[in-house]
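Visitor: Next comes model-v2.csv, CSV, C-alpha atoms:
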```
chain,number,residue,atom,x,y,z
A,1,MET,CA,92.2,69.3,20.2
A,2,SER,CA,92.5,72.5,22.2
A,3,PHE,CA,90.4,73.2,25.2
A,4,HIS,CA,88.9,76.2,23.4
A,5,ARG,CA,87.7,74.0,20.5
A,6,VAL,CA,86.3,71.5,22.9
A,7,CYS,CA,84.3,74.2,24.5
A,8,ILE,CA,83.0,75.4,21.1
A,9,VAL,CA,81.9,71.8,20.2
A,10,TRP,CA,80.3,71.3,23.6
A,11,ARG,CA,78.5,74.6,23.5
A,12,GLY,CA,77.3,73.8,19.9
A,13,ALA,CA,75.9,70.5,20.9
A,14,VAL,CA,74.2,71.9,23.9
A,15,ALA,CA,72.7,74.7,21.8
A,16,ALA,CA,71.5,72.2,19.3
A,17,VAL,CA,69.7,70.3,22.0
A,18,MET,CA,68.2,73.5,23.4
A,19,VAL,CA,66.9,74.5,19.9
A,20,PHE,CA,65.4,71.1,19.5
A,21,GLY,CA,63.6,71.5,22.8
A,22,MET,CA,62.4,75.1,22.1
A,23,ALA,CA,61.2,74.2,18.6
A,24,GLY,CA,57.9,72.7,19.8
A,25,CYS,CA,57.2,75.2,22.7
A,26,ALA,CA,53.8,76.8,22.3
A,27,THR,CA,53.7,80.6,22.1
A,28,ALA,CA,51.0,82.7,23.7
A,29,SER,CA,48.1,83.4,21.4
A,30,ARG,CA,44.7,85.0,21.7
A,31,PRO,CA,41.6,82.8,22.2
A,32,THR,CA,39.7,81.8,19.1
A,33,VAL,CA,36.3,80.5,18.3
A,34,ASP,CA,36.2,76.8,17.6
A,35,ASN,CA,36.7,76.3,13.9
A,36,SER,CA,37.1,72.5,13.8
A,37,TYR,CA,35.6,70.4,10.9
A,38,THR,CA,32.7,69.2,13.1
A,39,SER,CA,31.9,72.7,14.2
A,40,HIS,CA,31.7,73.7,10.5
A,41,GLU,CA,29.5,70.7,9.9
A,42,LEU,CA,27.0,71.9,12.4
A,43,ALA,CA,27.0,75.4,11.0
A,44,SER,CA,26.4,74.0,7.5
A,45,LEU,CA,23.1,72.5,8.4
A,46,PRO,CA,20.2,74.1,6.4
A,47,PRO,CA,17.6,76.1,8.2
A,48,LEU,CA,14.5,74.4,9.5
A,49,ARG,CA,11.2,74.6,7.7
A,50,ALA,CA,9.1,73.8,10.8
A,51,ARG,CA,9.1,74.4,14.5
A,52,PRO,CA,12.1,72.8,16.1
A,53,LYS,CA,11.7,69.8,18.4
A,54,THR,CA,12.2,70.5,22.1
A,55,VAL,CA,15.0,68.4,23.5
A,56,THR,CA,16.9,68.0,26.7
A,57,ILE,CA,19.7,66.0,28.2
A,58,TYR,CA,20.1,65.4,32.0
A,59,ARG,CA,23.6,64.0,32.4
A,60,PHE,CA,26.2,62.1,30.4
A,61,THR,CA,27.8,59.1,32.0
A,62,THR,CA,31.5,58.3,31.6
A,63,SER,CA,33.9,55.6,32.5
A,64,VAL,CA,36.9,57.6,31.4
A,65,ASP,CA,39.0,59.2,34.1
A,66,GLU,CA,40.0,62.2,32.0
A,67,VAL,CA,36.4,63.1,31.1
A,68,SER,CA,34.0,64.9,33.5
A,69,ALA,CA,30.4,63.9,33.1
A,70,ARG,CA,29.3,67.5,33.7
A,71,ALA,CA,31.7,68.8,31.1
A,72,ALA,CA,30.5,66.2,28.5
A,73,THR,CA,26.9,67.2,29.2
A,74,ASP,CA,27.8,70.9,28.7
A,75,MET,CA,29.6,70.1,25.4
A,76,PHE,CA,26.5,68.2,24.2
A,77,THR,CA,24.2,71.0,25.1
A,78,THR,CA,26.5,73.5,23.3
A,79,ALA,CA,26.6,71.3,20.2
A,80,LEU,CA,22.8,71.1,20.1
A,81,ILE,CA,22.5,74.9,20.3
A,82,LYS,CA,25.2,75.4,17.6
A,83,SER,CA,23.3,73.2,15.2
A,84,HIS,CA,20.3,75.6,15.4
A,85,ARG,CA,18.0,72.6,14.8
A,86,PHE,CA,16.6,72.0,18.3
A,87,ALA,CA,14.9,74.0,21.0
A,88,VAL,CA,17.1,73.0,24.0
A,89,LEU,CA,15.6,72.9,27.4
A,90,GLU,CA,17.7,73.4,30.6
A,91,ARG,CA,17.4,70.5,33.0
A,92,GLN,CA,20.9,70.1,34.4
A,93,ARG,CA,21.0,73.4,36.4
A,94,LEU,CA,17.3,74.1,37.0
A,95,SER,CA,17.8,74.6,40.7
A,96,GLU,CA,20.7,77.0,40.1
A,97,GLY,CA,18.8,79.4,37.9
A,98,VAL,CA,15.2,78.8,36.6
A,99,LEU,CA,13.6,77.4,39.7
A,100,ARG,CA,15.3,80.0,41.9
A,101,GLU,CA,14.0,82.7,39.7
A,102,LYS,CA,10.5,81.3,39.7
A,103,GLN,CA,10.6,81.0,43.5
A,104,MET,CA,11.7,84.6,43.9
A,105,ASN,CA,9.0,85.7,41.5
A,106,SER,CA,6.2,83.8,43.2
A,107,GLN,CA,7.3,85.4,46.5
A,108,GLY,CA,7.0,88.9,45.0
A,109,MET,CA,10.7,89.6,45.1
A,110,THR,CA,10.9,90.1,41.3
A,111,THR,CA,8.5,91.5,38.7
A,112,GLY,CA,6.7,89.5,36.0
A,113,ASN,CA,4.7,86.3,36.2
A,114,VAL,CA,7.4,83.6,35.7
A,115,GLY,CA,6.5,82.1,39.1
A,116,ARG,CA,3.1,81.0,37.7
A,117,ALA,CA,4.4,79.8,34.3
A,118,THR,CA,4.8,76.1,33.6
A,119,LEU,CA,8.1,74.8,32.3
A,120,ALA,CA,8.1,73.5,28.7
A,121,GLY,CA,8.2,69.8,28.1
A,122,ALA,CA,10.6,68.0,25.9
A,123,ASP,CA,9.8,66.0,22.8
A,124,TYR,CA,13.0,64.0,22.9
A,125,ILE,CA,15.5,63.2,25.7
A,126,PHE,CA,19.1,62.4,24.9
A,127,TYR,CA,21.2,59.9,26.9
A,128,GLY,CA,24.9,60.0,26.3
A,129,THR,CA,27.8,57.8,27.4
A,130,VAL,CA,31.6,58.2,26.9
A,131,SER,CA,32.0,54.5,26.5
A,132,GLU,CA,35.6,53.8,25.5
A,133,ALA,CA,39.1,55.0,26.0
A,134,ASN,CA,41.6,52.3,25.0
A,135,ALA,CA,45.1,53.5,25.9
A,136,ASP,CA,46.6,50.3,24.5
A,137,ALA,CA,45.1,50.4,21.1
A,138,SER,CA,48.4,51.1,19.4
A,139,ASP,CA,51.9,51.6,20.8
A,140,THR,CA,55.1,52.2,18.7
A,141,GLY,CA,58.6,53.2,19.3
A,142,VAL,CA,61.9,53.7,17.4
A,143,GLY,CA,65.4,54.6,18.6
A,144,ALA,CA,68.9,55.0,17.2
A,145,THR,CA,72.4,55.6,18.5
A,146,LEU,CA,75.4,57.3,16.8
A,147,ARG,CA,78.7,57.6,18.7
A,148,GLY,CA,76.9,57.7,22.0
A,149,LEU,CA,74.2,60.2,20.9
A,150,GLY,CA,70.8,58.5,21.4
A,151,VAL,CA,67.6,59.6,19.8
A,152,GLU,CA,64.3,57.9,20.6
A,153,GLY,CA,60.8,58.5,19.6
A,154,SER,CA,57.5,56.9,20.7
A,155,GLY,CA,53.9,57.1,19.8
A,156,GLN,CA,50.6,55.8,21.2
A,157,LYS,CA,47.1,55.9,19.9
A,158,ALA,CA,44.0,55.6,22.1
A,159,VAL,CA,40.4,55.6,21.1
A,160,ILE,CA,37.5,57.6,22.6
A,161,ALA,CA,33.9,56.9,21.8
A,162,VAL,CA,30.6,58.5,22.4
A,163,ASP,CA,27.2,56.7,22.4
A,164,VAL,CA,23.9,58.7,22.3
A,165,ARG,CA,20.4,57.3,22.6
A,166,VAL,CA,17.3,59.2,21.6
A,167,VAL,CA,14.2,58.6,23.7
A,168,ASP,CA,10.6,59.7,23.0
A,169,ALA,CA,9.7,61.7,26.1
A,170,HIS,CA,6.0,60.9,25.7
A,171,THR,CA,6.3,57.1,25.4
A,172,GLY,CA,9.8,56.2,26.7
A,173,ALA,CA,10.6,54.4,23.5
A,174,VAL,CA,14.2,54.4,22.2
A,175,LEU,CA,13.9,55.9,18.7
A,176,ASP,CA,17.5,55.8,17.6
A,177,ALA,CA,21.1,55.7,18.6
A,178,VAL,CA,24.4,56.9,17.2
A,179,ASP,CA,28.0,56.0,18.2
A,180,VAL,CA,31.1,58.0,17.2
A,181,ARG,CA,34.7,57.1,17.7
A,182,ARG,CA,37.9,59.1,17.3
A,183,PRO,CA,41.6,58.3,17.9
A,184,VAL,CA,43.6,60.3,20.5
A,185,THR,CA,47.3,60.4,19.8
A,186,GLN,CA,50.2,61.1,22.0
A,187,GLY,CA,54.0,60.7,21.6
A,188,GLY,CA,57.4,61.9,22.5
A,189,VAL,CA,61.0,62.2,21.4
A,190,GLY,CA,64.1,62.2,23.4
A,191,VAL,CA,67.8,63.0,22.9
A,192,SER,CA,70.6,61.8,25.3
A,193,GLY,CA,74.3,61.1,25.3
A,194,VAL,CA,75.4,64.5,24.1
A,195,GLY,CA,78.5,64.3,26.2
A,196,ALA,CA,79.6,61.0,24.8
A,197,PHE,CA,78.9,62.3,21.3
A,198,VAL,CA,81.2,65.3,21.8
A,199,GLN,CA,83.9,63.1,23.4
A,200,SER,CA,83.9,60.9,20.3
A,201,PHE,CA,85.0,63.8,18.2
A,202,THR,CA,87.3,65.7,20.6
A,203,HIS,CA,88.8,62.7,22.4
A,204,THR,CA,88.6,64.8,25.6
A,205,ASP,CA,87.3,63.5,28.9
A,206,LEU,CA,84.3,65.7,29.9
A,207,GLN,CA,84.1,64.0,33.3
A,208,GLY,CA,80.6,62.7,32.9
A,209,ALA,CA,79.1,65.9,31.6
A,210,ASP,CA,76.0,65.3,29.5
A,211,VAL,CA,72.8,66.9,28.2
A,212,SER,CA,69.5,65.2,27.6
A,213,LEU,CA,66.1,66.3,26.6
A,214,HIS,CA,62.7,64.7,26.3
A,215,LYS,CA,59.7,66.4,24.7
A,216,ALA,CA,56.2,64.9,24.9
A,217,HIS,CA,53.0,65.7,23.1
A,218,LYS,CA,49.5,64.6,24.0
A,219,GLU,CA,46.4,65.6,22.1
A,220,GLY,CA,43.7,66.9,24.4
A,221,VAL,CA,41.1,64.4,25.3
A,222,ASP,CA,38.6,67.3,25.6
A,223,ARG,CA,39.1,68.3,22.0
A,224,ALA,CA,38.6,64.7,20.8
A,225,LEU,CA,35.5,64.4,23.0
A,226,ARG,CA,34.0,67.6,21.7
A,227,GLU,CA,34.5,66.5,18.1
A,228,CYS,CA,32.9,63.2,18.8
A,229,ILE,CA,29.9,64.9,20.4
A,230,GLU,CA,29.5,67.4,17.6
A,231,GLU,CA,29.6,64.6,15.0
A,232,ALA,CA,26.9,62.8,17.0
A,233,VAL,CA,24.7,65.9,17.1
A,234,TYR,CA,25.2,66.5,13.4
A,235,GLN,CA,24.0,63.0,12.6
A,236,LEU,CA,21.0,63.3,15.0
A,237,ALA,CA,20.1,66.7,13.6
A,238,ARG,CA,19.8,65.2,10.1
A,239,ARG,CA,17.5,62.5,11.4
A,240,PHE,CA,15.3,64.2,14.0
A,241,SER,CA,15.0,67.9,13.5
A,242,ASN,CA,12.5,68.0,10.6
```
Translate this file's structure into structure tokens.

Guide:
Amino acid sequence: MSFHRVCIVWRGAVAAVMVFGMAGCATASRPTVDNSYTSHELASLPPLRARPKTVTIYRFTTSVDEVSARAATDMFTTALIKSHRFAVLERQRLSEGVLREKQMNSQGMTTGNVGRATLAGADYIFYGTVSEANADASDTGVGATLRGLGVEGSGQKAVIAVDVRVVDAHTGAVLDAVDVRRPVTQGGVGVSGVGAFVQSFTHTDLQGADVSLHKAHKEGVDRALRECIEEAVYQLARRFSN
């Protein structure tokens, strides 16, 4: 085979690998409002017929490295508000906003009478825990080789779970609990040995030249966590908001 044809085959193989690599690249897009299934579930809840219960949450706990306790708390607060079934009281950042405003008002630095007003009390307190993230729940792989061209794929499925307890703020009694689990998937695919593959057709020594590519995909833990939290709030809203 002529050197020109070898170059054509080589360039074609390289181009194929590059196309393979670019096929999964994300393109820039504008931000969108969350439209997940669980978000729609919260929006589908019917309106309340009575005064909403006042609720609060102080802080989630987590044993998962990828999950921030503060972020989980914020997600839970957002889900409670999105349900339109609870009157949510701020407790996590009182010193950063409400108490500072009351202090300035009591010192005459601002107008109004918020400095003398009493903070509202909660009917229910929620306690949440991100309790499980099993990275070894499921692990699979497959590979094949043809004339030196190797293709390998792998997949892994972990599990993330959220546990929430409902406590009566007046008595301290645990009224109910809900736990929600969701798989988190990740995987990858790789191509190697393009040089050997070309040589098998051209019978030309490419002097060790090769092209390889590996593309990995991991579903965001934050998305899985938010969906778990929203499902938990949906279940709690059906039980405690009327």

Visitor: For Gly172 of chain A, which of A:Ile125, A:Leu80, A:Val130, A:Ala224 is the closest residue, counting all atoms listed in the file?

Guide: A:Ile125

Visitor: How many Å lie between atom CA of Leu45 of chain A and atom CA of Ile57 of chain A, rounded to one decimal?

Guide: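 Atom CA of Ile57 of chain A lies 21.1 Å from atom CA of Leu45 of chain A.
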
Visitor: Quick one: everything within 12 Å of Ala120 of chain A, counting only C-alpha atoms, minus sequence neighbours fewer than 6 positions away in the same chain. Send it as a PyMOL selection string.

Guide: chain A and resi 53-56+87-91+98

Visitor: Work out how far atom CA of Asn35 of chain A is from atom CA of Val184 of chain A, in Å to one decimal.

Guide: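 Atom CA of Asn35 of chain A lies 18.6 Å from atom CA of Val184 of chain A.
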
Visitor: Can you tell me, as a PyMOL selection string, what residues are no more than 8 Å from Pro183 of chain A when counting all atoms listed in the file, ignoring any on the same chain fewer than 6 positions away?

Guide: chain A and resi 157-160+224

Visitor: Print the selection's residues with C-alpha atoms to a file, as a PDB file, in the frame of the given file.

Guide:
```pdb
ATOM      1  CA  LYS A 157      47.100  55.900  19.900  1.00  0.00           C
ATOM      2  CA  ALA A 158      44.000  55.600  22.100  1.00  0.00           C
ATOM      3  CA  VAL A 159      40.400  55.600  21.100  1.00  0.00           C
ATOM      4  CA  ILE A 160      37.500  57.600  22.600  1.00  0.00           C
ATOM      5  CA  ALA A 224      38.600  64.700  20.800  1.00  0.00           C
TER       6      ALA A 224
END
```

Visitor: What gap, in Å, lies between atom CA of Met104 of chain A and atom CA of Gln92 of chain A?

Guide: 19.6 Å

Visitor: Using all atoms listed in the file, give me every residue within 8 Å of (28.4, 64.5, 33.7) in file coordinates, as a list in words.

Guide: Arg59, Phe60, Thr61, Thr62, Ser68, Ala69, Arg70, Ala71, Ala72 and Thr73 of chain A
